Amino acid sequence: MNLRREPSFGSVKRMSGVALSLNGKIALITGGSRGIGAECVRLFRQAGAKVAFNYRAARTQAEALVTECGTDHCVAIEQELSSSEDGRALVAKAIEAFGRLDCLVVNHGIWPPDDAPIASMSDAQWRKTLGVNLDSVFGLVQAAVAQIQKQSKTGDAAGHIVLVSSTAGQRGEAFHADYAVTKGAVISLTKSLSSELAGEGIYVNCVAPGWVATEMSVSALSDPVISNKIFGTIPLGRVATPREIAGPILFLCTPFAGFMSGEIVNVNGGAVLVG
């Protein structure tokens with residue numbers, strides 16, 4: 001896969017132990033076995049957090065990541081996320097593993113790769129995309145907020161929620177209306193929850209990536225014609241690496257983002273300039 005000028009991240013590990021500290025914090029990261037989620041797991045661990053993450057089918061990758069990050073501080077949970085009940089179940093398992101929850105990163109999602117005109121999109125595809133990308137998000141956020149509120153009553157510091165949207169949620173995406181709808185809803189959810197929860201010290205923000213070199217995008221980025229069109233829309237001339245998305249997600253859970261809530265942080269190489 002041609003990333004075009006993939007950057008080096010030799011300095012990230014040196015920074016994270018000092019500047020971006022999450023020592024003593026517990027994080028739950030969804031879709032953590034691969035791509036953006038796996039890089040989030042690594043960076044959160046480097047910053048000192050204990051991390052729970054879920055996987056659906058990638059057991060081998062999940063187990064290898066736990067070994068890499070340390071079995072005493074990282075746990076992989078096999079959990080489907082296609083309904084609100086699934087989301088609540090995952091939060092319960094994370095709390096069972098580590099006893100509390102300080103940070104929730106909602107990173108999982110599906111993007112059906114085949115074009116589906118709205119006139120012929122099946123009900124099954126529509127419902128599946130909404131179930132994974134939106135219904136489960138509701139359950140995750142609902143259960144996480146309840147846990148953080150419970151902890152705050154005992155005098156503990158409140159928490160952080162970071163939702164992962166997409167440029168498709170801001171400008172739409174032809175032939176992928178199901179995906180764009182869910183990602184637009186995530187942006188609205190971020191703004192709504194920020195207004196609702198800021199007074200309780202629960203920070204809710206969103207990271208909106210553009211094209212990223214992950215398994216979800218490999219089919220498009222491997223096609224020379226499609227990839228050239230993609231690169232042509234990005235002023236930086238390349239797609240992002242997963243770590244370039246994970247970094248801003250980590251930042252939003254640290255004290256350096258202490259005056260940020262309800263923000264949509266665009267990480268897209270300049271492709272979509274919206275505030």
# chains A, B, ... in the order shown; residues from 1 in each chain; ligands from 1
call {"tool": "residues_around", "arguments": {"residues": "Asn107 of chain A", "least_positions_apart": "2", "cutoff": "7 Å", "atoms": "only C-alpha atoms", "output": "list in words"}}
result
Ile29, Thr30, Gly31, Gly37, Val105, Gly109, Leu163 and Val164 of chain A
call {"tool": "select_by_dssp", "arguments": {"residues": "segment 27-130 of chain A", "states": "strand (DSSP E)", "output": "MDAnalysis selection string"}}
result
chainID A and resid 27:29 50:55 74:78 103:106
call {"tool": "residues_around", "arguments": {"residues": "segment 56-59 of chain A", "least_positions_apart": "5", "cutoff": "7 Å", "atoms": "only C-alpha atoms", "output": "MDAnalysis selection string"}}
result
chainID A and resid 33 78:80
call {"tool": "write_last_selection", "arguments": {"atoms": "C-alpha atoms", "output": "CSV table (one decimal), in the first residue's frame"}}
result
chain,number,residue,atom,x,y,z
A,33,SER,CA,-6.9,-5.3,18.0
A,78,GLU,CA,-14.0,-10.9,22.9
A,79,GLN,CA,-17.2,-8.9,22.3
A,80,GLU,CA,-19.4,-8.2,19.3
call {"tool": "closest_atom_pairs", "arguments": {"of": "segment 62-131 of chain A", "to": "segment 203-217 of chain A", "cutoff": "9 Å", "atoms": "only C-alpha atoms", "output": "JSON lines"}}
result
{"residue": "A:Ile110", "atom": "CA", "partner": "A:Met216", "partner_atom": "CA", "distance": 7.6}
{"residue": "A:Trp111", "atom": "CA", "partner": "A:Met216", "partner_atom": "CA", "distance": 6.8}
{"residue": "A:Pro112", "atom": "CA", "partner": "A:Met216", "partner_atom": "CA", "distance": 8.7}
{"residue": "A:Pro113", "atom": "CA", "partner": "A:Met216", "partner_atom": "CA", "distance": 7.9}
call {"tool": "atom_distance", "arguments": {"atom1": "atom CA of Asn266 of chain A", "atom2": "atom CA of His160 of chain A"}}
result
18.1 Å
call {"tool": "residues_around", "arguments": {"residues": "Leu140 of chain A", "least_positions_apart": "4", "cutoff": "10 Å", "atoms": "only C-alpha atoms", "output": "list in words"}}
result
Leu28, Thr30, Leu81, Ser83, Ser84, Glu85, Asp86, Gly87, Arg88, Ala89, Leu90, Val91, Ala92, Leu104, Val105, Val106, Leu134, Asp135, Ser136, Ala144 and Val145 of chain A
call {"tool": "closest_residue", "arguments": {"among": "A:Gly262, A:Pro242, A:Pro224, A:Gly269", "to": "Ser192 of chain A", "atoms": "only C-alpha atoms"}}
result
A:Gly262
call {"tool": "closest_residue", "arguments": {"among": "A:Arg34, A:Lys25, A:His176, A:Arg127", "to": "Val51 of chain A", "atoms": "only C-alpha atoms"}}
result
A:Lys25
call {"tool": "atom_distance", "arguments": {"atom1": "atom CA of Gln151 of chain A", "atom2": "atom CA of Asp102 of chain A"}}
result
9.1 Å
call {"tool": "closest_residue", "arguments": {"among": "A:Asn268, A:Ile36, A:Val41, A:Ala146", "to": "Ile230 of chain A", "atoms": "only C-alpha atoms"}}
result
A:Asn268
